[in-house]
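Q: My questions will all concern the structure given below.
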Amino acid sequence: MDAMTGNELDCVLDGNAAAGLLQQIFVLEITAAQIECDACGFGGAVGSLPLYAAPMGAVLRCPHCEATLMRAIQTPRGRWLEMKGTRCLRF
Amino acid sequence: MPIAPRPRLEWQPVRVRDIMVETLRVKSLLLHAPGWQGHLPGQHVDIRLTAEDGYQAQRSYSIASPPEDDLLALTVEKVDSGEVSPYLVEDLRVGDVFELRGPIGGYFVWTVATPGPLWLIAGGSGIAPLMAMLRHRARRKVRNPALLLYSSRSLEDVIYREELDGMARVDADLRVVHTLTRKQPKGWTGHRRRIDRELLAEASFSPEQSPRIFVCGPTSLVEAASGLLVELGHDPLTIKTERFGPSGWMP
Amino acid sequence: MDETPISRGFRSKRQGQTPKGRLPPGQYVTADFPILSAGPTPQTKLESWTLALELGGSLAGKWSWAEFEALPQTTINTDIHCVTKWSKLGTSWQGVTFDDLLRAAGLAEPPEPYVMAHCDGGYTTNVPVEDLVDGKGMIATRYAGLPIPPAHGGPARLLVPHLYFWKSAKWVRRLRFMEQDERGFWESLGYHNYGDPWKEQRYDGD
């Protein structure tokens with residue numbers, strides 16, 4: 001019976017890896033945009049955010065308080081984007 | 001700084017014009033992309049392979065060539081358990097066609113228009129986007145100070161080794177520092193360990209010099225290096241990171 | 001415009017020699033155990049871990065780790081299927097079945113038709129109670145005889161193997177009974193509300 005292996009650290013990427021998906025949703029350059037966390041006010045570039053869940057979708061979290069800032073997925077019938085955790089984006 | 005709207009990403013067929021062997025497990029693919037609008041050093045592309053039965057696989061690769069070059073270069077490391085990289089490294093031939101779209105990403109980019117020292121820190125195949133930056137800097141003959149700290153497992157695993165040696169030889173403002181973490185050749189006087197605080201402090205720019213810092217490689221290296229850089233006094237806003245997943249990029 | 005160019009000689013490596021009918025459509029068998037998380041791994045200490053059953057805003061049951069470990073343990077051997085297309089065959093899990101949990105809470109039958117699983121880190125997923133009873137669902141604490149590592153959902157994760165594995169919520173802490181179905185983390189972002197791998201219900205609208 002195989003053990004549960006896998007380096008979990010390698011599975012955390014950053015917003016750069018979500019650029020392909022996000023660039024199809026946003027007209028303006030998204031990874032360089034500044035994002036503000038609604039929960040704690042942290043501000044930073046979208047490209048620098050920790051990215052989780054990469055094969056299922058993009059879950060971008062605040063590096064400061066870990067709140068979810070943005071979620072996006074691609075399906076055969078379209079793309080979904082949710083940004084409840086974002087106070088604002090500045091391009 | 002105003003940022004221009006980007007064209008929508010569309011898949012386009014690209015043809016393999018040349019294949020260069022970099023190391024035992026790494027090859028660079030030189031691609032002709034008709035109508036390519038240009039890119040910034042540090043950006044990446046998505047590629048898509050389609051099998052005869054319609055099965056498709058998609059991966060992302062950094063563009064290793066500078067915008068000054070006619071052909072796009074992708075540097076691919078073969079991951080044994082991978083699905084795409086073994087095909088690209090072992091089966092692909094000159095003349096073959098696959099699909100590509102890009103350029104993608106506007107955060108992890110650097111051009112000669114940015115003043116100040118350039119500090120690049122790479123682990124393994126994370127050198128690819130940083131090589132685009134160095135090649136761009138060389139083509140434009142810009143002499144701002146530049147430093148590459150490059151961590152590899154062994155000398156045989158150093159990608160672009162001769163080219164980097166050559167660049168450093170003709171450019172007094174470029175310094176290339178290697179660290180070989182698993183195996184070192186006889187007589188090796190260079191570093192032989194993973195990037196740590198001492199190594200960074202030795203081969204470095206000071207925070208006062210305000211370098212633009214780019215770190216690219218496995219997540220573990222990127223997190224370690226960027227944490228140490230902040231400890232050494234560098235402003236986090238000057239540090240840009242790109243984490244590769246275990247097999248390069250996650251799909 | 002031209003058709004999609006075929007990549008000469010490219011083949012999927014993933015279609016192995018699996019007995020027909022064992023793999024749901026579109027899946028491939030993997031030997032490793034990929035990790036996929038929607039957030040950082042919670043580091044919950046066993047001393048503070050509790051599992052709760054919630055009904056109408058109040059607790060229908062609550063167990064500390066020691067109490068939970070003292071409940072009847074069941075071992076199951078099953079296949080699991082991730083929506084990202086990997087499957088693992090013949091995996092072994094041990095834990096407390098949903099049926100035994102209900103019994104321990106003194107509930108003769110499930111009080112509502114739906115359950116929302118709430119997890120450390122904020123992840124949620126919704127499952128009809130029909131898909132948890134009769135041994136179909138458990139709270140698992142061991143994989144292949146060993147405690148589940150945190151990165152894989154330990155100390156305890158929900159296990160509902162006949163649905164796509166995103167329903168087997170890692171770091172489960174609370175099962176909330178619902179009168180009406182509500183969509184969880186992925187279900188509210190375009191993934192299928194139910195997730196039957198045999199009907200390839202990956203995305204909303206499939």
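Going through the structure tokens in order, the chains are called A, B, and so on, while each chain numbers its residues from 1 and the ligands are numbered from 1 in the order shown.
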With a distance cut-off of 7 Å and only C-alpha atoms, select the neighbouring residues of region 75-92 of chain B, excluding the residue or stretch itself and same-chain residues fewer than 5 positions from it, and output the selection as a list in words.

A: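 Listing them by chain and then by number gives Arg25, Val26, Lys27, Ser28, Leu29, Ala64, Ser125, Ala128 and Ser247 of chain B; Phe10, Ser12 and Lys13 of chain C.
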
Q: For region 48-65 of chain A, list every protein, DNA or RNA residue within 7 Å, evaluated using only C-alpha atoms, and leave out those in the same chain fewer than 2 positions away; present the list as a CSV table (one decimal) with N, CA and C atoms, in the first residue's frame.

A:
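What follows is the written file out_24.csv:
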chain,number,residue,atom,x,y,z
A,12,VAL,N,2.2,24.9,-3.6
A,12,VAL,CA,1.8,26.2,-3.4
A,12,VAL,C,2.6,27.0,-4.5
A,13,LEU,N,1.8,27.7,-5.4
A,13,LEU,CA,2.5,28.5,-6.4
A,13,LEU,C,2.2,29.9,-6.1
A,14,ASP,N,2.3,30.8,-7.1
A,14,ASP,CA,1.9,32.2,-6.9
A,14,ASP,C,1.1,32.7,-8.0
A,15,GLY,N,0.6,33.9,-7.9
A,15,GLY,CA,-0.3,34.4,-8.9
A,15,GLY,C,0.2,34.3,-10.3
A,18,ALA,N,-1.4,31.6,-12.2
A,18,ALA,CA,-2.8,31.8,-12.6
A,18,ALA,C,-3.0,32.7,-13.7
A,37,CYS,N,-6.7,43.4,0.4
A,37,CYS,CA,-7.5,42.4,1.1
A,37,CYS,C,-8.6,43.1,1.9
A,40,CYS,N,-8.0,42.4,6.0
A,40,CYS,CA,-7.0,42.9,6.8
A,40,CYS,C,-6.3,44.2,6.2
A,42,PHE,N,-4.2,44.3,3.7
A,42,PHE,CA,-2.9,44.1,3.1
A,42,PHE,C,-3.0,44.4,1.6
A,45,ALA,N,0.9,42.9,-5.2
A,45,ALA,CA,0.7,42.6,-6.6
A,45,ALA,C,0.0,41.2,-6.7
A,46,VAL,N,-1.0,41.1,-7.6
A,46,VAL,CA,-1.7,39.8,-7.7
A,46,VAL,C,-0.7,38.7,-8.0
A,67,ALA,N,-6.8,35.1,4.1
A,67,ALA,CA,-8.2,35.2,3.6
A,67,ALA,C,-8.1,34.9,2.1
A,68,THR,N,-9.2,34.4,1.6
A,68,THR,CA,-9.3,34.2,0.1
A,68,THR,C,-9.6,35.5,-0.5
A,69,LEU,N,-8.8,35.9,-1.5
A,69,LEU,CA,-9.0,37.2,-2.2
A,69,LEU,C,-9.8,37.0,-3.5
A,70,MET,N,-9.4,35.9,-4.2
A,70,MET,CA,-10.0,35.7,-5.5
A,70,MET,C,-10.0,34.2,-5.8
A,71,ARG,N,-11.1,33.8,-6.5
A,71,ARG,CA,-11.1,32.4,-6.9
A,71,ARG,C,-11.6,32.4,-8.4
A,72,ALA,N,-11.0,31.6,-9.1
A,72,ALA,CA,-11.4,31.5,-10.6
A,72,ALA,C,-11.2,30.1,-11.0
A,73,ILE,N,-12.2,29.6,-11.9
A,73,ILE,CA,-12.0,28.3,-12.5
A,73,ILE,C,-12.4,28.4,-14.0
A,74,GLN,N,-11.9,27.4,-14.8
A,74,GLN,CA,-12.2,27.3,-16.2
A,74,GLN,C,-13.0,26.1,-16.4
B,241,THR,N,8.9,37.1,-7.1
B,241,THR,CA,9.2,35.6,-7.1
B,241,THR,C,8.3,34.9,-8.1
B,250,MET,N,2.6,23.8,-12.8
B,250,MET,CA,1.3,23.1,-12.7
B,250,MET,C,0.5,23.4,-13.9
B,251,PRO,N,-0.4,22.5,-14.3
B,251,PRO,CA,-1.2,22.8,-15.5
B,251,PRO,C,-2.2,23.9,-15.1
C,36,LEU,N,-3.9,18.4,-3.2
C,36,LEU,CA,-4.6,19.6,-3.7
C,36,LEU,C,-5.3,20.2,-2.5
C,37,SER,N,-5.0,21.5,-2.3
C,37,SER,CA,-5.6,22.2,-1.2
C,37,SER,C,-6.0,23.6,-1.6
C,38,ALA,N,-7.1,24.0,-1.0
C,38,ALA,CA,-7.6,25.4,-1.4
C,38,ALA,C,-7.0,26.4,-0.5
C,39,GLY,N,-6.1,25.9,0.5
C,39,GLY,CA,-5.5,26.9,1.4
C,39,GLY,C,-4.4,26.2,2.1
C,84,THR,N,-9.7,16.2,-11.0
C,84,THR,CA,-8.5,16.5,-11.9
C,84,THR,C,-8.0,15.3,-12.7

Q: Per DSSP on the backbone, filter chain C down to the residues in strand (DSSP E or B) and report them as a PyMOL selection string.

A: chain C and resi 28-29+50-55+58-64+74-81+86-97+114-119+124-128+138-143+146-147+157-159+172-178+191+203

Q: Could you save those same residues with C-alpha atoms as a compact mmCIF listing (two decimals), in the first residue's frame?

A:
# COMPACT_ATOMS: atom_id res chain seq x y z
CA TYR C 28 -6.37 7.58 -15.17
CA VAL C 29 -4.76 5.53 -12.43
CA THR C 50 -13.47 18.35 18.19
CA LEU C 51 -16.02 17.06 15.73
CA ALA C 52 -19.56 18.43 15.91
CA LEU C 53 -22.93 17.54 14.45
CA GLU C 54 -25.04 20.63 14.12
CA LEU C 55 -28.78 20.73 13.72
CA SER C 58 -27.54 23.73 18.09
CA LEU C 59 -25.25 20.81 18.72
CA ALA C 60 -26.63 17.35 18.10
CA GLY C 61 -23.34 15.76 19.04
CA LYS C 62 -19.75 16.69 19.84
CA TRP C 63 -16.70 14.53 20.34
CA SER C 64 -13.19 15.21 21.49
CA THR C 74 -14.67 0.67 10.37
CA THR C 75 -12.10 -0.07 7.69
CA ILE C 76 -13.07 0.20 4.06
CA ASN C 77 -11.23 -0.58 0.87
CA THR C 78 -12.29 1.60 -2.01
CA ASP C 79 -11.36 3.44 -5.18
CA ILE C 80 -11.15 7.24 -5.14
CA HIS C 81 -11.53 9.61 -8.07
CA TRP C 86 -6.47 10.91 -11.29
CA SER C 87 -7.87 7.83 -9.57
CA LYS C 88 -6.41 5.52 -6.97
CA LEU C 89 -7.69 1.98 -6.79
CA GLY C 90 -7.96 -0.13 -3.69
CA THR C 91 -7.23 2.50 -1.08
CA SER C 92 -7.70 1.58 2.55
CA TRP C 93 -9.28 3.94 5.08
CA GLN C 94 -10.28 3.62 8.69
CA GLY C 95 -12.60 5.81 10.70
CA VAL C 96 -16.12 6.23 11.95
CA THR C 97 -18.99 5.74 9.54
CA TYR C 114 -28.53 17.53 3.35
CA VAL C 115 -25.24 18.04 5.14
CA MET C 116 -22.65 20.79 4.80
CA ALA C 117 -19.17 19.80 5.92
CA HIS C 118 -17.27 22.66 7.55
CA CYS C 119 -13.49 22.39 7.83
CA THR C 124 -16.96 23.59 2.78
CA THR C 125 -18.70 20.97 0.68
CA ASN C 126 -22.33 19.83 0.54
CA VAL C 127 -23.46 16.19 0.41
CA PRO C 128 -26.96 14.70 0.43
CA MET C 138 -17.24 8.11 6.97
CA ILE C 139 -15.01 10.43 8.93
CA ALA C 140 -11.62 8.89 8.21
CA THR C 141 -8.61 9.15 10.50
CA ARG C 142 -6.26 6.56 9.02
CA TYR C 143 -5.03 5.74 5.53
CA LEU C 146 -1.39 5.08 9.47
CA PRO C 147 -2.75 8.40 10.74
CA ARG C 157 -11.31 14.05 6.79
CA LEU C 158 -14.69 13.27 5.35
CA LEU C 159 -14.64 10.32 2.99
CA VAL C 172 -13.53 18.32 8.67
CA ARG C 173 -14.71 19.71 12.01
CA ARG C 174 -18.45 20.11 11.74
CA LEU C 175 -21.31 18.46 9.85
CA ARG C 176 -24.28 20.79 9.64
CA PHE C 177 -27.64 19.31 8.73
CA MET C 178 -29.58 21.39 6.24
CA TYR C 191 -18.18 22.73 -10.14
CA TYR C 203 -18.76 21.00 -13.76

Q: Can you tell me which residues surround Gln56 (chain B) at a distance of at most 10 Å, considering only C-alpha atoms, apart from same-chain residues fewer than 4 positions away, and format the answer as a CSV table (one decimal) with C-alpha atoms, in the first residue's frame?

A:
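Full text of out-v9.csv as output:
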chain,number,residue,atom,x,y,z
B,48,ARG,CA,-1.0,22.5,-25.9
B,49,LEU,CA,-0.4,19.1,-27.3
B,50,THR,CA,-3.1,17.1,-29.1
B,51,ALA,CA,-2.9,13.4,-29.6
B,52,GLU,CA,-4.4,11.6,-32.6
C,6,ILE,CA,-2.0,17.0,-34.1
C,7,SER,CA,1.3,16.7,-32.1
C,10,PHE,CA,2.1,12.4,-28.7
C,11,ARG,CA,0.1,10.0,-26.6
C,12,SER,CA,-1.5,10.1,-23.3

Q: Quick check, in Å to one decimal: how far apart do CA of Arg175 (chain B) and CA of Val158 (chain B) lie?

A: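 Result for CA of Arg175 (chain B) versus CA of Val158 (chain B): 15.7 Å, one decimal.
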